[in-house]
file target20.csv (CSV, C-alpha atoms)
chain,number,residue,atom,x,y,z
H,1,MET,CA,27.1,-36.0,7.0
H,2,GLY,CA,25.2,-33.3,8.9
H,3,ALA,CA,25.8,-30.8,6.1
H,4,ALA,CA,24.6,-33.3,3.4
H,5,MET,CA,21.5,-34.1,5.5
H,6,THR,CA,20.7,-30.4,5.8
H,7,GLU,CA,21.2,-29.9,2.0
H,8,ALA,CA,18.9,-32.8,1.2
H,9,GLY,CA,16.3,-31.5,3.7
H,10,LEU,CA,16.3,-28.0,2.2
H,11,PHE,CA,16.0,-29.5,-1.3
H,12,LEU,CA,12.9,-31.5,-0.1
H,13,LEU,CA,11.5,-28.3,1.5
H,14,ASP,CA,11.9,-26.3,-1.6
H,15,LEU,CA,10.4,-29.0,-3.7
H,16,LEU,CA,7.4,-29.2,-1.4
H,17,LEU,CA,7.1,-25.4,-1.5
H,18,VAL,CA,7.0,-25.3,-5.3
H,19,LEU,CA,4.5,-28.1,-5.5
H,20,THR,CA,2.2,-26.4,-2.9
H,21,LEU,CA,2.5,-23.1,-4.6
H,22,LEU,CA,1.6,-24.5,-8.0
H,23,CYS,CA,-1.4,-26.4,-6.7
H,24,LEU,CA,-2.7,-23.4,-4.7
H,25,ALA,CA,-2.3,-21.1,-7.6
H,26,TRP,CA,-4.2,-23.5,-9.9
H,27,TRP,CA,-7.0,-24.3,-7.5
H,28,SER,CA,-7.4,-20.7,-6.5
H,29,LEU,CA,-7.9,-19.7,-10.1
H,30,ALA,CA,-10.0,-22.6,-11.0
H,31,ALA,CA,-12.4,-22.4,-8.0
H,32,THR,CA,-15.9,-21.6,-9.0
H,33,ASP,CA,-16.9,-20.9,-5.4
H,34,LEU,CA,-15.6,-17.4,-4.8
H,35,PHE,CA,-15.1,-17.9,-1.1
H,36,LYS,CA,-13.1,-21.1,-1.6
H,37,GLY,CA,-10.9,-19.1,-4.1
H,38,ILE,CA,-10.3,-16.4,-1.6
H,39,VAL,CA,-9.3,-18.9,1.2
H,40,LEU,CA,-6.9,-20.6,-1.3
H,41,PHE,CA,-5.5,-17.2,-2.2
H,42,ILE,CA,-4.8,-16.4,1.4
H,43,ALA,CA,-3.1,-19.8,1.8
H,44,PHE,CA,-1.1,-19.0,-1.4
H,45,GLY,CA,0.1,-15.7,0.2
H,46,LEU,CA,1.3,-17.7,3.2
H,47,VAL,CA,3.3,-20.2,1.2
H,48,LEU,CA,4.6,-17.4,-1.1
H,49,ALA,CA,6.1,-15.7,1.9
H,50,LEU,CA,7.9,-18.9,2.8
H,51,ALA,CA,9.2,-19.1,-0.7
H,52,TRP,CA,10.5,-15.6,-0.6
H,53,VAL,CA,12.3,-16.5,2.6
H,54,ARG,CA,13.9,-19.5,0.9
H,55,LEU,CA,14.9,-17.2,-2.0
H,56,ASP,CA,16.9,-15.1,0.5
H,57,ALA,CA,14.5,-12.1,0.1
H,58,PRO,CA,13.3,-11.5,3.7
H,59,ASP,CA,12.3,-7.9,2.8
H,60,VAL,CA,9.9,-9.1,0.2
H,61,ALA,CA,8.7,-11.9,2.6
H,62,LEU,CA,8.0,-9.3,5.2
H,63,ALA,CA,6.0,-7.2,2.8
H,64,GLU,CA,4.1,-10.2,1.5
H,65,ALA,CA,3.3,-11.3,5.1
H,66,ALA,CA,2.1,-7.8,6.1
H,67,ILE,CA,0.1,-7.2,2.9
H,68,GLY,CA,-1.2,-10.7,2.6
H,69,ALA,CA,-2.2,-11.4,6.2
H,70,GLY,CA,-3.2,-7.8,7.1
H,71,LEU,CA,-4.9,-6.5,4.0
H,72,THR,CA,-5.6,-8.7,1.1
H,73,GLY,CA,-7.6,-11.4,3.0
H,74,ALA,CA,-9.8,-8.8,4.7
H,75,LEU,CA,-10.2,-6.8,1.5
H,76,LEU,CA,-11.3,-9.8,-0.6
H,77,LEU,CA,-13.7,-11.2,2.1
H,78,THR,CA,-15.3,-7.8,2.7
H,79,THR,CA,-15.7,-7.2,-1.0
H,80,LEU,CA,-17.3,-10.7,-1.4
H,81,SER,CA,-19.8,-9.8,1.4
H,82,LYS,CA,-20.7,-6.6,-0.5
H,83,LEU,CA,-21.2,-8.3,-3.8
H,84,ALA,CA,-24.8,-9.2,-4.4
H,85,SER,CA,-25.2,-12.8,-3.2
H,86,SER,CA,-27.9,-13.5,-5.8
H,87,ILE,CA,-25.5,-13.0,-8.8
H,88,ASP,CA,-25.5,-16.3,-10.6
H,89,ASN,CA,-22.4,-16.4,-12.7
H,90,PRO,CA,-23.4,-17.4,-16.2
H,91,PRO,CA,-21.2,-20.2,-17.5
H,92,ALA,CA,-18.2,-18.5,-19.2
H,93,LYS,CA,-18.2,-18.8,-22.9
H,94,ARG,CA,-15.2,-21.1,-23.8
H,95,SER,CA,-13.1,-20.1,-26.6
H,96,SER,CA,-11.7,-22.9,-28.8
H,97,PRO,CA,-9.3,-25.1,-26.8
H,98,VAL,CA,-7.0,-25.4,-29.8
H,99,LEU,CA,-6.4,-21.6,-29.8
H,100,LEU,CA,-5.9,-21.7,-26.0
H,101,TRP,CA,-3.3,-24.4,-26.3
H,102,VAL,CA,-1.4,-22.6,-29.1
H,103,LEU,CA,-1.3,-19.4,-27.0
H,104,LEU,CA,-0.2,-21.4,-23.9
H,105,VAL,CA,2.6,-23.1,-25.8
H,106,MET,CA,3.7,-19.8,-27.3
H,107,LEU,CA,3.8,-18.2,-23.9
H,108,ALA,CA,5.7,-21.1,-22.4
H,109,ALA,CA,8.2,-20.9,-25.3
H,110,VAL,CA,8.8,-17.2,-24.8
H,111,LEU,CA,9.2,-17.6,-21.1
H,112,GLY,CA,11.5,-20.6,-21.5
H,113,TYR,CA,13.6,-18.7,-24.1
H,114,ALA,CA,13.9,-15.7,-21.7
H,115,ILE,CA,15.0,-18.0,-18.8
H,116,MET,CA,17.5,-19.9,-21.0
H,117,SER,CA,19.0,-16.7,-22.4
H,118,LEU,CA,19.9,-15.5,-18.9
H,119,PRO,CA,23.6,-15.6,-18.0
H,120,GLN,CA,24.6,-18.5,-15.7
H,121,GLN,CA,26.3,-16.3,-13.2
H,122,ALA,CA,24.9,-12.8,-13.0
H,123,GLN,CA,26.4,-10.4,-10.4
H,124,GLY,CA,23.8,-7.7,-11.0
H,125,LEU,CA,24.5,-4.5,-9.1
H,126,ALA,CA,25.1,-6.3,-5.7
H,127,ASP,CA,28.9,-5.5,-5.8
H,128,THR,CA,28.3,-1.9,-6.7
H,129,VAL,CA,25.9,-1.5,-3.9
H,130,ALA,CA,28.2,-3.2,-1.4
H,131,SER,CA,31.1,-0.9,-2.3
H,132,GLN,CA,29.0,2.2,-1.8
H,133,MET,CA,27.3,1.1,1.5
H,134,GLY,CA,29.6,3.4,3.4
H,135,ASN,CA,28.1,6.4,1.7
H,136,SER,CA,24.5,5.5,2.3
H,137,GLY,CA,24.0,6.3,6.0
H,138,VAL,CA,22.3,2.9,6.7
H,139,GLU,CA,23.6,-0.6,7.1
H,140,HIS,CA,21.0,-2.6,5.2
H,141,PRO,CA,21.6,-2.7,1.5
H,142,VAL,CA,17.8,-2.8,0.5
H,143,THR,CA,17.1,0.3,2.6
H,144,ALA,CA,20.2,2.0,1.1
H,145,VAL,CA,19.0,1.3,-2.4
H,146,LEU,CA,15.3,2.2,-1.8
H,147,LEU,CA,15.9,5.4,0.2
H,148,ASN,CA,19.3,6.7,-1.0
H,149,PHE,CA,20.7,5.2,-4.3
H,150,ARG,CA,17.4,5.0,-6.0
H,151,GLY,CA,15.4,7.4,-3.8
H,152,TYR,CA,13.8,9.0,-6.8
H,153,ASP,CA,11.9,5.7,-7.6
H,154,THR,CA,10.6,5.5,-4.0
H,155,LEU,CA,9.5,9.1,-4.1
H,156,LEU,CA,7.5,8.5,-7.2
H,157,GLU,CA,6.0,5.3,-5.7
H,158,MET,CA,4.7,7.3,-2.8
H,159,ALA,CA,3.1,9.6,-5.3
H,160,VAL,CA,1.5,6.6,-7.1
H,161,LEU,CA,0.0,5.4,-3.8
H,162,LEU,CA,-1.5,8.9,-3.2
H,163,LEU,CA,-2.9,8.9,-6.8
H,164,ALA,CA,-4.5,5.5,-6.3
H,165,LEU,CA,-6.4,6.8,-3.3
H,166,ILE,CA,-7.5,10.0,-5.1
H,167,ALA,CA,-8.8,7.8,-7.9
H,168,ALA,CA,-10.6,5.5,-5.5
H,169,TRP,CA,-12.1,8.5,-3.7
H,170,SER,CA,-13.3,10.2,-6.9
H,171,LEU,CA,-15.1,7.0,-7.9
H,172,ALA,CA,-16.7,6.1,-4.6
H,173,PRO,CA,-19.7,7.8,-3.0
H,174,ARG,CA,-19.1,9.7,0.2
H,175,ALA,CA,-19.7,7.6,3.3
H,176,ALA,CA,-22.8,8.0,5.4
H,177,THR,CA,-22.4,10.3,8.3
H,178,SER,CA,-20.6,8.8,11.3
H,179,CYS,CA,-23.6,9.2,13.6
H,180,GLU,CA,-25.8,7.0,11.6
H,181,MET,CA,-23.2,4.4,11.5
H,182,ASP,CA,-22.5,4.4,15.3
H,183,GLU,CA,-26.2,3.9,16.0
H,184,ALA,CA,-26.4,1.0,13.6
H,185,LEU,CA,-23.4,-0.8,15.0
H,186,THR,CA,-23.5,-3.0,18.1
H,187,VAL,CA,-20.0,-4.2,18.6
H,188,SER,CA,-19.5,-7.2,20.8
H,189,PRO,CA,-17.4,-6.8,23.9
H,190,ILE,CA,-15.0,-9.5,22.7
H,191,VAL,CA,-14.3,-7.5,19.6
H,192,LEU,CA,-13.7,-4.4,21.6
H,193,ALA,CA,-11.3,-6.2,24.0
H,194,LEU,CA,-9.4,-7.6,21.0
H,195,PHE,CA,-9.2,-4.1,19.5
H,196,ARG,CA,-7.8,-2.6,22.7
H,197,MET,CA,-5.2,-5.3,23.1
H,198,LEU,CA,-4.0,-5.6,19.5
H,199,ILE,CA,-3.9,-2.0,18.2
H,200,PRO,CA,-1.1,-0.9,20.5
H,201,LEU,CA,0.8,-4.1,19.7
H,202,MET,CA,0.4,-3.5,16.0
H,203,ILE,CA,1.6,0.1,16.3
H,204,LEU,CA,4.6,-1.1,18.4
H,205,VAL,CA,5.5,-3.7,15.7
H,206,ALA,CA,5.2,-1.1,13.0
H,207,ALA,CA,7.6,1.2,14.8
H,208,TYR,CA,10.0,-1.7,15.4
H,209,LEU,CA,10.0,-2.7,11.7
H,210,LEU,CA,10.6,1.0,10.8
H,211,TRP,CA,13.5,1.2,13.2
H,212,VAL,CA,15.1,-2.1,12.3
H,213,GLY,CA,15.0,-1.2,8.6
H,214,ALA,CA,18.3,0.8,9.0
H,215,HIS,CA,20.3,-2.4,9.6
H,216,ALA,CA,18.1,-5.4,8.8
H,217,PRO,CA,15.0,-6.4,6.7
H,218,GLY,CA,12.2,-4.0,7.4
H,219,GLY,CA,11.5,-0.4,6.5
H,220,ALA,CA,8.7,2.0,5.6
H,221,PHE,CA,6.6,-0.2,3.3
H,222,GLN,CA,6.5,-3.1,5.7
H,223,ALA,CA,5.9,-0.9,8.8
H,224,GLY,CA,3.2,1.0,6.9
H,225,SER,CA,1.4,-2.2,5.9
H,226,VAL,CA,1.3,-3.3,9.6
H,227,LEU,CA,0.0,0.1,10.5
H,228,ALA,CA,-2.6,-0.2,7.7
H,229,ALA,CA,-3.6,-3.6,9.1
H,230,ALA,CA,-4.2,-1.9,12.5
H,231,GLY,CA,-6.4,0.6,10.6
H,232,VAL,CA,-8.3,-2.2,8.8
H,233,LEU,CA,-8.9,-3.9,12.2
H,234,ALA,CA,-10.2,-0.6,13.6
H,235,LEU,CA,-12.6,-0.3,10.6
H,236,LEU,CA,-13.7,-3.8,11.0
H,237,CYS,CA,-14.4,-3.1,14.7
H,238,GLY,CA,-16.7,-0.4,13.6
H,239,LYS,CA,-14.4,2.5,14.4
H,240,ARG,CA,-14.6,5.5,12.1
H,241,LEU,CA,-12.6,8.7,11.9
H,242,GLU,CA,-14.1,11.4,13.9
H,243,GLY,CA,-15.7,14.1,11.8
H,244,ARG,CA,-13.3,16.8,12.9
H,245,LEU,CA,-10.3,14.6,11.9
H,246,ALA,CA,-11.8,13.6,8.5
H,247,GLY,CA,-11.2,16.9,6.9
H,248,TRP,CA,-7.8,18.5,6.5
H,249,PRO,CA,-6.0,16.6,9.3
H,250,LEU,CA,-6.6,13.4,7.3
H,251,ARG,CA,-5.4,14.9,4.1
H,252,LEU,CA,-2.4,16.3,5.8
H,253,GLY,CA,-1.6,12.8,7.1
H,254,LEU,CA,-2.1,11.3,3.6
H,255,VAL,CA,0.4,13.7,1.9
H,256,LEU,CA,2.9,13.8,4.8
H,257,GLY,CA,5.1,11.1,3.5
H,258,THR,CA,5.4,12.5,0.0
H,259,ALA,CA,5.7,16.0,1.3
H,260,MET,CA,8.5,15.1,3.7
H,261,PHE,CA,10.3,13.2,1.0
H,262,VAL,CA,10.1,16.2,-1.4
H,263,ALA,CA,11.0,18.6,1.3
H,264,VAL,CA,14.2,16.7,2.3
H,265,ALA,CA,15.1,16.1,-1.4
H,266,ALA,CA,14.9,19.8,-2.1
H,267,ALA,CA,16.4,21.0,1.2
H,268,VAL,CA,19.7,19.3,0.5
H,269,MET,CA,20.0,21.3,-2.6
H,270,VAL,CA,20.5,24.5,-0.5
H,271,GLY,CA,23.9,23.1,0.5
H,272,GLY,CA,24.9,22.7,-3.1
H,273,ALA,CA,24.2,19.0,-3.4
H,274,HIS,CA,22.0,17.4,-6.1
H,275,LEU,CA,18.3,16.5,-5.6
H,276,LEU,CA,18.1,13.6,-3.0
H,277,GLN,CA,21.9,13.7,-2.4
H,278,TYR,CA,21.9,13.5,1.4
H,279,PRO,CA,25.0,14.8,3.2
H,280,LEU,CA,26.9,11.8,4.6
H,281,ALA,CA,26.9,12.9,8.2
H,282,SER,CA,23.1,13.2,8.5
H,283,ALA,CA,22.1,10.7,5.9
H,284,GLY,CA,20.9,8.1,8.4
H,285,LYS,CA,18.8,10.6,10.3
H,286,LEU,CA,17.3,12.1,7.1
H,287,ILE,CA,16.4,8.6,5.9
H,288,LEU,CA,14.7,7.7,9.2
H,289,LEU,CA,12.8,11.0,9.1
H,290,ILE,CA,11.5,10.3,5.5
H,291,GLU,CA,10.7,6.7,6.4
H,292,ALA,CA,8.8,7.7,9.6
H,293,ALA,CA,6.6,10.1,7.6
H,294,ALA,CA,6.2,7.6,4.8
H,295,THR,CA,5.2,4.8,7.2
H,296,PHE,CA,2.4,7.0,8.6
H,297,SER,CA,1.2,8.0,5.2
H,298,ILE,CA,1.4,4.5,3.7
H,299,GLY,CA,-0.6,3.1,6.7
H,300,LEU,CA,-3.2,5.8,6.4
H,301,THR,CA,-3.5,5.5,2.6
H,302,LEU,CA,-3.8,1.7,2.6
H,303,ALA,CA,-6.4,1.8,5.4
H,304,MET,CA,-8.4,4.5,3.5
H,305,LEU,CA,-8.2,2.4,0.3
H,306,PHE,CA,-9.6,-0.6,2.3
H,307,SER,CA,-12.6,1.5,3.4
H,308,GLY,CA,-12.9,2.7,-0.2
H,309,GLN,CA,-15.0,5.7,0.8
H,310,ARG,CA,-14.1,9.2,1.6
H,311,PRO,CA,-14.9,9.5,5.3
H,312,SER,CA,-17.7,11.9,6.1
H,313,ARG,CA,-16.9,15.1,7.9
H,314,GLY,CA,-19.8,14.5,10.1
H,315,PRO,CA,-23.0,16.4,10.6
H,316,ALA,CA,-21.3,19.6,11.7
H,317,SER,CA,-19.9,20.5,8.3
M,1,MET,CA,20.4,-30.3,15.1
M,2,ASP,CA,20.0,-28.1,11.9
M,3,SER,CA,18.9,-31.1,9.8
M,4,PHE,CA,16.4,-32.1,12.6
M,5,PHE,CA,14.8,-28.6,12.4
M,6,ILE,CA,14.6,-28.8,8.6
M,7,THR,CA,13.1,-32.3,8.8
M,8,VAL,CA,10.4,-31.0,11.2
M,9,ALA,CA,9.8,-28.0,8.8
M,10,CYS,CA,9.3,-30.4,5.9
M,11,LEU,CA,6.8,-32.4,8.1
M,12,LEU,CA,5.0,-29.2,9.0
M,13,LEU,CA,4.7,-28.3,5.3
M,14,LEU,CA,3.3,-31.8,4.6
M,15,THR,CA,0.7,-31.2,7.3
M,16,LEU,CA,-0.2,-27.9,5.5
M,17,MET,CA,-0.6,-29.8,2.3
M,18,ALA,CA,-2.8,-32.3,4.0
M,19,GLY,CA,-4.9,-29.5,5.5
M,20,LEU,CA,-5.6,-28.3,1.9
M,21,TRP,CA,-8.0,-31.1,1.7
M,22,ARG,CA,-10.3,-29.4,4.2
M,23,VAL,CA,-10.1,-26.1,2.2
M,24,LEU,CA,-11.0,-27.9,-1.0
M,25,ARG,CA,-13.8,-30.1,0.4
M,26,GLY,CA,-15.2,-27.8,3.0
M,27,PRO,CA,-18.1,-28.4,3.4
M,28,THR,CA,-18.8,-25.2,5.2
M,29,ALA,CA,-17.2,-21.8,5.0
M,30,VAL,CA,-16.0,-22.1,8.6
M,31,ASP,CA,-14.1,-25.3,7.9
M,32,ARG,CA,-12.3,-23.6,5.0
M,33,MET,CA,-11.5,-20.5,7.1
M,34,MET,CA,-10.3,-22.5,10.1
M,35,ALA,CA,-8.0,-24.6,7.9
M,36,ALA,CA,-6.5,-21.4,6.4
M,37,GLN,CA,-5.9,-20.0,9.9
M,38,LEU,CA,-4.1,-23.2,10.9
M,39,PHE,CA,-1.9,-22.8,7.9
M,40,GLY,CA,-0.9,-19.4,9.3
M,41,THR,CA,0.1,-21.1,12.6
M,42,THR,CA,2.0,-23.7,10.6
M,43,ALA,CA,3.8,-21.0,8.6
M,44,VAL,CA,4.9,-19.3,11.8
M,45,ALA,CA,6.3,-22.6,13.1
M,46,ILE,CA,8.1,-23.3,9.8
M,47,LEU,CA,9.6,-19.7,9.8
M,48,LEU,CA,10.8,-20.1,13.4
M,49,LEU,CA,12.4,-23.5,12.6
M,50,LEU,CA,14.1,-22.2,9.5
M,51,ALA,CA,15.3,-19.1,11.3
M,52,GLU,CA,17.1,-21.4,13.8
M,53,ALA,CA,18.4,-23.8,11.2
M,54,LEU,CA,19.7,-21.3,8.7
M,55,GLY,CA,20.8,-18.7,11.2
M,56,GLN,CA,18.6,-16.0,9.6
M,57,PRO,CA,17.1,-14.0,12.5
M,58,ALA,CA,15.2,-11.8,10.1
M,59,MET,CA,12.7,-14.7,9.5
M,60,ARG,CA,11.5,-14.3,13.1
M,61,ASN,CA,10.2,-10.8,12.1
M,62,VAL,CA,8.2,-12.4,9.3
M,63,ALA,CA,6.8,-14.9,11.8
M,64,LEU,CA,5.9,-12.1,14.2
M,65,VAL,CA,4.0,-10.2,11.5
M,66,PHE,CA,2.1,-13.4,10.5
M,67,ALA,CA,1.2,-14.1,14.1
M,68,LEU,CA,0.1,-10.6,14.8
M,69,LEU,CA,-2.0,-10.0,11.7
M,70,ALA,CA,-3.7,-13.4,11.5
M,71,VAL,CA,-6.7,-12.0,13.4
M,72,VAL,CA,-7.5,-9.3,10.8
M,73,THR,CA,-8.7,-11.9,8.2
M,74,VAL,CA,-10.8,-13.7,10.9
M,75,MET,CA,-12.4,-10.4,11.8
M,76,ALA,CA,-13.3,-9.8,8.2
M,77,PHE,CA,-14.7,-13.4,7.9
M,78,VAL,CA,-16.8,-13.1,11.1
M,79,HIS,CA,-18.3,-9.8,9.7
M,80,ARG,CA,-19.2,-11.6,6.5
M,81,ALA,CA,-20.6,-14.7,8.1
M,82,TRP,CA,-22.5,-13.2,10.9
M,83,PRO,CA,-23.8,-9.9,9.6
M,84,GLY,CA,-25.8,-9.3,12.8
M,85,ASP,CA,-23.0,-7.0,14.0
M,86,GLU,CA,-23.3,-4.9,11.0
M,87,PRO,CA,-26.8,-4.4,9.9
M,88,ARG,CA,-25.9,-1.8,7.3
M,89,HIS,CA,-25.6,-4.2,4.4
M,90,GLN,CA,-27.6,-7.2,5.3
M,91,GLN,CA,-28.2,-9.4,2.3
M,92,ARG,CA,-30.1,-12.5,1.9
M,93,GLY,CA,-28.3,-15.8,1.7
M,94,ARG,CA,-25.2,-14.5,3.4
M,95,HIS,CA,-24.8,-17.3,5.9
M,96,ASP,CA,-26.3,-20.0,3.8
M,97,ASP,CA,-23.2,-22.2,4.0
M,98,VAL,CA,-22.2,-21.4,7.6
M,99,GLU,CA,-24.5,-23.4,9.7
call {"tool": "encode", "arguments": {"input": "target20.csv", "output": "structure tokens"}}
result
Amino acid sequence: MGAAMTEAGLFLLDLLLVLTLLCLAWWSLAATDLFKGIVLFIAFGLVLALAWVRLDAPDVALAEAAIGAGLTGALLLTTLSKLASSIDNPPAKRSSPVLLWVLLVMLAAVLGYAIMSLPQQAQGLADTVASQMGNSGVEHPVTAVLLNFRGYDTLLEMAVLLLALIAAWSLAPRAATSCEMDEALTVSPIVLALFRMLIPLMILVAAYLLWVGAHAPGGAFQAGSVLAAAGVLALLCGKRLEGRLAGWPLRLGLVLGTAMFVAVAAAVMVGGAHLLQYPLASAGKLILLIEAAATFSIGLTLAMLFSGQRPSRGPAS
Amino acid sequence: MDSFFITVACLLLLTLMAGLWRVLRGPTAVDRMMAAQLFGTTAVAILLLLAEALGQPAMRNVALVFALLAVVTVMAFVHRAWPGDEPRHQQRGRHDDVE
């Protein structure tokens, strides 16, 4: 009786989640008011995290929560405030509805075929990963795959993040000098108190997520996103990097994750192992070392991407 | 007890869907933003209930992250709506729909 009730309840919950997601996605795309679209997109992120949890993917849910709540909302709202408010969107030229429907039906047919052709029971690589867990140095399969079995992919992803920032910096003008900005800003004491209370908490939670990644959902990307949210909050409170930190110390911090990863990957080759083949005894420690450096770099990179400008080195340089 | 938690989670999700009315109708930007913030609180409650009902403690970490980072979006919103704090890029018509 109890089990059947629970099953029915979960089914209803999933149904409601799917309905809400579809409505939110549609309204968010169809909103002509950009602000309304952004708020709907924020709500979409929330419900999406719930859906990931229901799909038994708590790692993805954590990443969605950290990126969605900490970065995307603030990024979109700040972008909207920087857009010229006087822009009147000209009514979009509509292409023929018949063509639109034909394309939609074709897309639905292709997607439907792809889903129908999936095998009913797919094991995937879950069994292979489970049988190799003893060689990974960690207890959480997702961390084992990301940092050990498929460490090469994660290494390249770190490089992609760095490339994104280099691209953003090369396109954006340099920020005004920090002195000008400090004079222009009058930050309310409430904001300052909030800043002082929350930043240490965010750093603590980031460290916790990093540590817990060894045996439960968590890890460098989630921790780095929380750290980046702390950076975004600091930027929103009017804090800027000091001039003396904005030069090479900042760049060192940005490449630390990738550099540490490459260094560890290469160092194990001295002992005769292959690239990224950690010795079993120290695999756990090496993974934590890489993840700690990666967390710091990811947090810094995402926060710098949010500000979108290369910070000024100050009037001294 | 598990089915009770799940029933409450469903009810909370229904309140979230009801709250969408405020986001869609507004009328002011503050109404929309406050509704989205309440969704955040609702999502935290749903996650905590599901963590208990399904015995998945990892969900509490998701709830923790949501609760901790909710303020970041509000800060960005306040900056946009009341640009007095940040006179660098004042624009006209920025708080048209706020009052």
call {"tool": "interface_residues", "arguments": {"input": "target20.csv", "of": "chain M", "to": "chain H", "cutoff": "7 Å", "atoms": "all atoms listed in the file", "output": "tab-separated table (two decimals) with C-alpha atoms, keeping the file's coordinate frame"}}
result
chain	number	residue	atom	x	y	z
M	2	ASP	CA	20.00	-28.10	11.90
M	3	SER	CA	18.90	-31.10	9.80
M	6	ILE	CA	14.60	-28.80	8.60
M	7	THR	CA	13.10	-32.30	8.80
M	10	CYS	CA	9.30	-30.40	5.90
M	17	MET	CA	-0.60	-29.80	2.30
M	23	VAL	CA	-10.10	-26.10	2.20
M	32	ARG	CA	-12.30	-23.60	5.00
M	33	MET	CA	-11.50	-20.50	7.10
M	36	ALA	CA	-6.50	-21.40	6.40
M	39	PHE	CA	-1.90	-22.80	7.90
M	40	GLY	CA	-0.90	-19.40	9.30
M	43	ALA	CA	3.80	-21.00	8.60
M	58	ALA	CA	15.20	-11.80	10.10
M	59	MET	CA	12.70	-14.70	9.50
M	62	VAL	CA	8.20	-12.40	9.30
M	65	VAL	CA	4.00	-10.20	11.50
M	66	PHE	CA	2.10	-13.40	10.50
M	69	LEU	CA	-2.00	-10.00	11.70
M	70	ALA	CA	-3.70	-13.40	11.50
M	72	VAL	CA	-7.50	-9.30	10.80
M	73	THR	CA	-8.70	-11.90	8.20
M	75	MET	CA	-12.40	-10.40	11.80
M	76	ALA	CA	-13.30	-9.80	8.20
M	77	PHE	CA	-14.70	-13.40	7.90
M	80	ARG	CA	-19.20	-11.60	6.50
M	85	ASP	CA	-23.00	-7.00	14.00
M	86	GLU	CA	-23.30	-4.90	11.00
M	87	PRO	CA	-26.80	-4.40	9.90
M	88	ARG	CA	-25.90	-1.80	7.30
M	93	GLY	CA	-28.30	-15.80	1.70
M	94	ARG	CA	-25.20	-14.50	3.40
call {"tool": "atom_distance", "arguments": {"input": "target20.csv", "atom1": "atom CA of H:Ala108", "atom2": "atom CA of H:Gly124"}}
result
25.2 Å
call {"tool": "atom_distance", "arguments": {"input": "target20.csv", "atom1": "atom CA of H:Leu161", "atom2": "atom CA of H:Leu29"}}
result
27.1 Å
call {"tool": "atom_distance", "arguments": {"input": "target20.csv", "atom1": "atom CA of H:Ser297", "atom2": "atom CA of H:Leu254"}}
result
4.9 Å
call {"tool": "residues_near_point", "arguments": {"input": "target20.csv", "point": "(5.4, -26.2, 11.1)", "cutoff": "10 Å", "atoms": "all atoms listed in the file", "output": "list in words"}}
result
Phe5, Ile6, Val8, Ala9, Cys10, Leu11, Leu12, Leu13, Leu14, Thr15, Leu16, Leu38, Phe39, Gly40, Thr41, Thr42, Ala43, Val44, Ala45, Ile46, Leu47, Leu48, Leu49 and Leu50 of chain M
call {"tool": "residues_around", "arguments": {"input": "target20.csv", "residues": "stretch 165-169 of chain H", "least_positions_apart": "6", "cutoff": "8 Å", "atoms": "only C-alpha atoms", "output": "MDAnalysis selection string"}}
result
chainID H and resid 301 304:305 308:310
call {"tool": "closest_residue", "arguments": {"input": "target20.csv", "among": "H:Ala51, H:Val262, H:Ala114, H:Ala303", "to": "H:Leu250", "atoms": "only C-alpha atoms"}}
result
H:Ala303
call {"tool": "residues_around", "arguments": {"input": "target20.csv", "residues": "H:Thr295", "least_positions_apart": "2", "cutoff": "6 Å", "atoms": "all atoms listed in the file", "output": "count of residues only"}}
result
8
call {"tool": "closest_residue", "arguments": {"input": "target20.csv", "among": "M:Val78, M:Ala35, M:Leu54, M:Val30", "to": "M:Ala18", "atoms": "all atoms listed in the file"}}
result
M:Ala35
call {"tool": "residues_around", "arguments": {"input": "target20.csv", "residues": "H:Val255", "least_positions_apart": "2", "cutoff": "10 Å", "atoms": "only C-alpha atoms", "output": "ChimeraX atom specification"}}
result
/H:158-159,162,250-253,257-261,293-294,296-298,300-301
call {"tool": "residues_around", "arguments": {"input": "target20.csv", "residues": "H:Val145", "least_positions_apart": "4", "cutoff": "10 Å", "atoms": "only C-alpha atoms", "output": "number ranges by chain"}}
result
H: 129, 133, 136, 138, 140-141, 149-151, 153-154
call {"tool": "decode", "arguments": {"input": "target20.csv", "residues": "stretch 256-276 of chain H", "atoms": "C-alpha atoms", "output": "PDB file, in the first residue's frame"}}
result
ATOM      1  CA  LEU H 256      46.781  27.132 -12.395  1.00  0.00           C
ATOM      2  CA  GLY H 257      44.156  24.423 -12.986  1.00  0.00           C
ATOM      3  CA  THR H 258      45.280  23.521 -16.493  1.00  0.00           C
ATOM      4  CA  ALA H 259      48.945  23.782 -15.538  1.00  0.00           C
ATOM      5  CA  MET H 260      48.535  21.545 -12.491  1.00  0.00           C
ATOM      6  CA  PHE H 261      46.628  18.996 -14.569  1.00  0.00           C
ATOM      7  CA  VAL H 262      49.335  18.914 -17.256  1.00  0.00           C
ATOM      8  CA  ALA H 263      52.090  18.803 -14.639  1.00  0.00           C
ATOM      9  CA  VAL H 264      50.555  15.811 -12.851  1.00  0.00           C
ATOM     10  CA  ALA H 265      49.733  14.098 -16.160  1.00  0.00           C
ATOM     11  CA  ALA H 266      53.348  14.449 -17.284  1.00  0.00           C
ATOM     12  CA  ALA H 267      54.971  13.768 -13.896  1.00  0.00           C
ATOM     13  CA  VAL H 268      53.502  10.261 -13.660  1.00  0.00           C
ATOM     14  CA  MET H 269      55.321   9.418 -16.912  1.00  0.00           C
ATOM     15  CA  VAL H 270      58.651   9.675 -15.065  1.00  0.00           C
ATOM     16  CA  GLY H 271      57.735   6.494 -13.200  1.00  0.00           C
ATOM     17  CA  GLY H 272      57.149   4.691 -16.506  1.00  0.00           C
ATOM     18  CA  ALA H 273      53.363   5.037 -16.549  1.00  0.00           C
ATOM     19  CA  HIS H 274      51.334   6.459 -19.426  1.00  0.00           C
ATOM     20  CA  LEU H 275      50.057  10.036 -19.606  1.00  0.00           C
ATOM     21  CA  LEU H 276      47.467  10.579 -16.833  1.00  0.00           C
TER      22      LEU H 276
END
